[in-house]
Amino acid sequence: MGKTLSRYKILILVIILIAAAAAGISIYNSNRTALLDKEAYSEMRTAIEDVGESEEGGFADQQALSDFIKQWADSHSLEYKEDKHGNIIFDKPATGRKKNFSPTLIAVSMNYETAVDNARVLAAAAAIAISDVEAGRRTVVFFNDEQGLAKGYKGISKKLISSKTKVIYLDKGSSNYISTGSFQQRFSEVTIPAEREENPCDTAVRISITGIDSGVIGPGINKRPDPISALSSLLSRLKSKSVDCRVAEVSIGNNGNMYPVSLDVTIVLNSYNLSSFTGYIDKRIKAWDKAYRDNYEDLKYEYEIIEDEEAMPETVYTAETTDKLTGILYTVTSGSYKYSDSDAIPEGKEAGEVYGINCLTGLYAADDSIRITVITQGVNDRFTDRIANDNKAAVELYECGYVQTDYTEAFINEKDSLARTFRSTYENVTKNVAADVSLESETDNFFTPCSYLAEKNGKADIIHIRTKNSNAARVANVILCYIKGKGNTSIFK
């Protein structure tokens, strides 16, 4: 009995020692791979979020955001340069024994309108820039992407992206994944010949929509308030009821290559049609309030009736011009397009997934013409052509002009070195900290700045990492581990 008890105690002691050793190894490995300066990360994230919670509700303009990042760098005595395209560049040379390591470039978009929402991604880039990890050449670039115009991406020096450079574009989304491909993007313009005439009606209604936050064009387009779609609904309603009406003035709040943000339109009609039309507007206001109020607290959809003869518009667009505008806005619409079972679906995709996006971004009304700008994105020429050709056919039906004004190729990286090594690093690092966040492999179903980066050097190895807010710090730490190890798994042992 005594010997049995003694053996039992020894067994328990051995188990405890093994567990302690395992825990010690785990802590040791975790410490070896915990490279992120959490304090620096939290400081930057909190500072950006505080701007969002201030009375201004965010950064006033692009310069305010740029100054904010430079002041942060100055406060940490961190060297940087700002190029003529508005990019803020943190460039550190290779250190110690890592001089032969391939250079790494970390890219994030700097856009004052989305900065607060992307606070953790910007903080991740800042923490990577401030780190003193021993590594090859490391460059962190805050790219000037005001209004999604990609000025910084298009203007960045080719010298920063060599054939050996490993490029990681980092942004925020609703899921965590790694991508080596994204959509192409085309810019088109619709031109409606216009004429004006004396106002033949006795009443006018001015409708305005304001308070829409803009955003980068993506597959969630159908869930956003769209002022151009709202205009289409109003005009289509009048046309369906055979109401004699004209557009007097119309303006859309264009926001570059991002979603439009406002509507201001004056429509003239006769007083006997007024109550029916305003009743419809009231219903639309209630529908918008129900659909969007929770996410757009500053949203305002309003109208006023103009009956004073002296306040009425003197001239308006003709019935023919108004009809053409109505017809084109009804047929050329913003939205996403999805694969059907009958499509030749690319490998790795399924029916119901998005293959293209069409977005009407602006409307410019002059006396002799009305121009509508359109951005079309698609997985490849075949599927983008499908959307673009439908746009063109609808426009030509109304005898109006349609021309493609610009084109950017889809991003496709057929190399697997960076993606494979980064995934391996991610798995090793997150395993050590017992994380339960996976990193799937996907192809982006929207356009990304990776296309612009690839244009700088077609031989560079480029990946896109999309991260949820809750995973941003972890991803930043993995990036530092990747930069330090570049495939050397001994740092995880």
# chains A, B, ... in the order shown; residues from 1 in each chain; ligands from 1
>>> select_by_dssp(residues="segment 244-394 of chain A", states="helix (DSSP H, G or I)", output="MDAnalysis selection string")
chainID A and resid 271:292 309:311 319:331 381:394
>>> residues_around(residues="segment 467-471 of chain A", least_positions_apart="5", cutoff="7 Å", atoms="only C-alpha atoms", output="tab-separated table (two decimals) with N, CA and C atoms, in the first residue's frame")
chain	number	residue	atom	x	y	z
A	120	ARG	N	-7.71	50.97	-36.15
A	120	ARG	CA	-6.83	49.87	-35.72
A	120	ARG	C	-5.84	49.47	-36.81
A	171	ASP	N	-5.74	46.20	-44.82
A	171	ASP	CA	-6.94	47.00	-44.59
A	171	ASP	C	-7.91	46.25	-43.69
A	172	LYS	N	-9.04	46.90	-43.40
A	172	LYS	CA	-10.01	46.35	-42.45
A	172	LYS	C	-11.25	45.85	-43.17
A	173	GLY	N	-11.81	44.75	-42.67
A	173	GLY	CA	-13.05	44.23	-43.21
A	173	GLY	C	-13.82	43.46	-42.15
A	174	SER	N	-14.82	42.73	-42.58
A	174	SER	CA	-15.66	41.98	-41.65
A	174	SER	C	-15.14	40.56	-41.40
A	175	SER	N	-14.06	40.18	-42.10
A	175	SER	CA	-13.49	38.84	-41.93
A	175	SER	C	-11.99	38.91	-42.09
A	176	ASN	N	-11.31	37.83	-41.69
A	176	ASN	CA	-9.85	37.75	-41.79
A	176	ASN	C	-9.49	36.86	-42.97
A	177	TYR	N	-8.69	37.37	-43.90
A	177	TYR	CA	-8.24	36.51	-44.99
A	177	TYR	C	-7.02	37.08	-45.68
>>> closest_atom_pairs(of="segment 341-434 of chain A", to="segment 258-262 of chain A", cutoff="12 Å", atoms="only C-alpha atoms", output="Markdown table")
| residue | atom | partner | partner_atom | distance |
| --- | --- | --- | --- | --- |
| A:Asn358 | CA | A:Tyr259 | CA | 11.1 |
| A:Cys359 | CA | A:Tyr259 | CA | 7.7 |
| A:Leu360 | CA | A:Pro260 | CA | 8.0 |
| A:Thr361 | CA | A:Pro260 | CA | 5.4 |
| A:Gly362 | CA | A:Pro260 | CA | 6.5 |
| A:Leu363 | CA | A:Pro260 | CA | 9.4 |
| A:Ile372 | CA | A:Pro260 | CA | 11.8 |
| A:Thr373 | CA | A:Pro260 | CA | 10.7 |
| A:Val374 | CA | A:Tyr259 | CA | 10.7 |
| A:Ile375 | CA | A:Met258 | CA | 9.4 |
>>> write_last_selection(atoms="C-alpha atoms", output="PDB file, in the first residue's frame")
ATOM      1  CA  ASN A 358     -21.533  49.034 -60.844  1.00  0.00           C
ATOM      2  CA  CYS A 359     -21.564  52.405 -59.101  1.00  0.00           C
ATOM      3  CA  LEU A 360     -22.882  55.743 -60.340  1.00  0.00           C
ATOM      4  CA  THR A 361     -20.566  58.170 -58.600  1.00  0.00           C
ATOM      5  CA  GLY A 362     -21.541  61.601 -59.912  1.00  0.00           C
ATOM      6  CA  LEU A 363     -23.979  63.686 -61.928  1.00  0.00           C
ATOM      7  CA  ILE A 372     -23.068  60.829 -65.267  1.00  0.00           C
ATOM      8  CA  THR A 373     -19.855  59.153 -64.084  1.00  0.00           C
ATOM      9  CA  VAL A 374     -19.795  55.393 -63.546  1.00  0.00           C
ATOM     10  CA  ILE A 375     -17.261  53.021 -61.979  1.00  0.00           C
TER      11      ILE A 375
END
>>> select_by_dssp(residues="segment 157-260 of chain A", states="strand (DSSP E or B)", output="number ranges by chain")
A: 166-172, 177-179, 181-182, 184-193, 196-198, 203-210, 216, 245-252, 258
>>> residues_around(residues="Ile463 of chain A", least_positions_apart="5", cutoff="12 Å", atoms="only C-alpha atoms", output="PyMOL selection string")
chain A and resi 104-107+165-171+177-182+411-423+441-444+448-451+453-454+479
>>> write_last_selection(atoms="C-alpha atoms", output="PDB file, in the first residue's frame")
ATOM      1  CA  THR A 104       9.280  44.437 -47.125  1.00  0.00           C
ATOM      2  CA  LEU A 105       6.792  47.227 -47.810  1.00  0.00           C
ATOM      3  CA  ILE A 106       3.651  47.610 -45.678  1.00  0.00           C
ATOM      4  CA  ALA A 107       0.913  49.662 -47.368  1.00  0.00           C
ATOM      5  CA  THR A 165      10.208  43.488 -52.539  1.00  0.00           C
ATOM      6  CA  LYS A 166       7.550  41.680 -50.527  1.00  0.00           C
ATOM      7  CA  VAL A 167       4.496  43.953 -50.401  1.00  0.00           C
ATOM      8  CA  ILE A 168       1.701  43.594 -47.833  1.00  0.00           C
ATOM      9  CA  TYR A 169      -1.375  45.767 -48.345  1.00  0.00           C
ATOM     10  CA  LEU A 170      -3.334  45.884 -45.079  1.00  0.00           C
ATOM     11  CA  ASP A 171      -6.942  47.000 -44.587  1.00  0.00           C
ATOM     12  CA  TYR A 177      -8.242  36.515 -44.992  1.00  0.00           C
ATOM     13  CA  ILE A 178      -5.246  36.631 -47.293  1.00  0.00           C
ATOM     14  CA  SER A 179      -5.714  37.419 -50.976  1.00  0.00           C
ATOM     15  CA  THR A 180      -3.552  37.391 -54.088  1.00  0.00           C
ATOM     16  CA  GLY A 181      -6.164  38.714 -56.517  1.00  0.00           C
ATOM     17  CA  SER A 182      -8.794  41.450 -56.847  1.00  0.00           C
ATOM     18  CA  PHE A 411      -4.568  42.366 -59.551  1.00  0.00           C
ATOM     19  CA  ILE A 412      -3.325  38.799 -59.927  1.00  0.00           C
ATOM     20  CA  ASN A 413      -0.249  37.503 -58.082  1.00  0.00           C
ATOM     21  CA  GLU A 414       0.723  34.052 -59.336  1.00  0.00           C
ATOM     22  CA  LYS A 415       3.704  33.820 -56.995  1.00  0.00           C
ATOM     23  CA  ASP A 416       3.194  31.814 -53.819  1.00  0.00           C
ATOM     24  CA  SER A 417       6.328  32.609 -51.808  1.00  0.00           C
ATOM     25  CA  LEU A 418       5.029  35.523 -49.725  1.00  0.00           C
ATOM     26  CA  ALA A 419       1.526  34.122 -49.247  1.00  0.00           C
ATOM     27  CA  ARG A 420       2.864  30.713 -48.233  1.00  0.00           C
ATOM     28  CA  THR A 421       5.496  32.078 -45.848  1.00  0.00           C
ATOM     29  CA  PHE A 422       3.143  34.597 -44.287  1.00  0.00           C
ATOM     30  CA  ARG A 423       0.498  31.932 -43.716  1.00  0.00           C
ATOM     31  CA  SER A 441      -7.447  32.271 -48.524  1.00  0.00           C
ATOM     32  CA  GLU A 442      -9.835  34.272 -50.705  1.00  0.00           C
ATOM     33  CA  THR A 443      -9.896  36.363 -53.853  1.00  0.00           C
ATOM     34  CA  ASP A 444     -11.185  39.877 -53.294  1.00  0.00           C
ATOM     35  CA  THR A 448      -7.968  47.044 -54.382  1.00  0.00           C
ATOM     36  CA  PRO A 449      -4.903  49.333 -54.595  1.00  0.00           C
ATOM     37  CA  CYS A 450      -2.828  46.180 -55.119  1.00  0.00           C
ATOM     38  CA  SER A 451      -3.396  46.823 -58.839  1.00  0.00           C
ATOM     39  CA  LEU A 453       1.251  48.577 -56.566  1.00  0.00           C
ATOM     40  CA  ALA A 454       1.637  45.801 -59.134  1.00  0.00           C
ATOM     41  CA  ILE A 479       3.835  40.936 -39.885  1.00  0.00           C
TER      42      ILE A 479
END
>>> residues_around(residues="Met44 of chain A", least_positions_apart="2", cutoff="12 Å", atoms="only C-alpha atoms", output="PyMOL selection string")
chain A and resi 37-42+46-51+68-73+75-76+115-116+118-130+473
>>> closest_residue(among="A:Met110, A:Leu231, A:Val190, A:Ile156", to="Gly401 of chain A", atoms="only C-alpha atoms")
A:Val190
>>> atom_distance(atom1="atom CA of Ser438 of chain A", atom2="atom CA of Ala351 of chain A")
24.0 Å
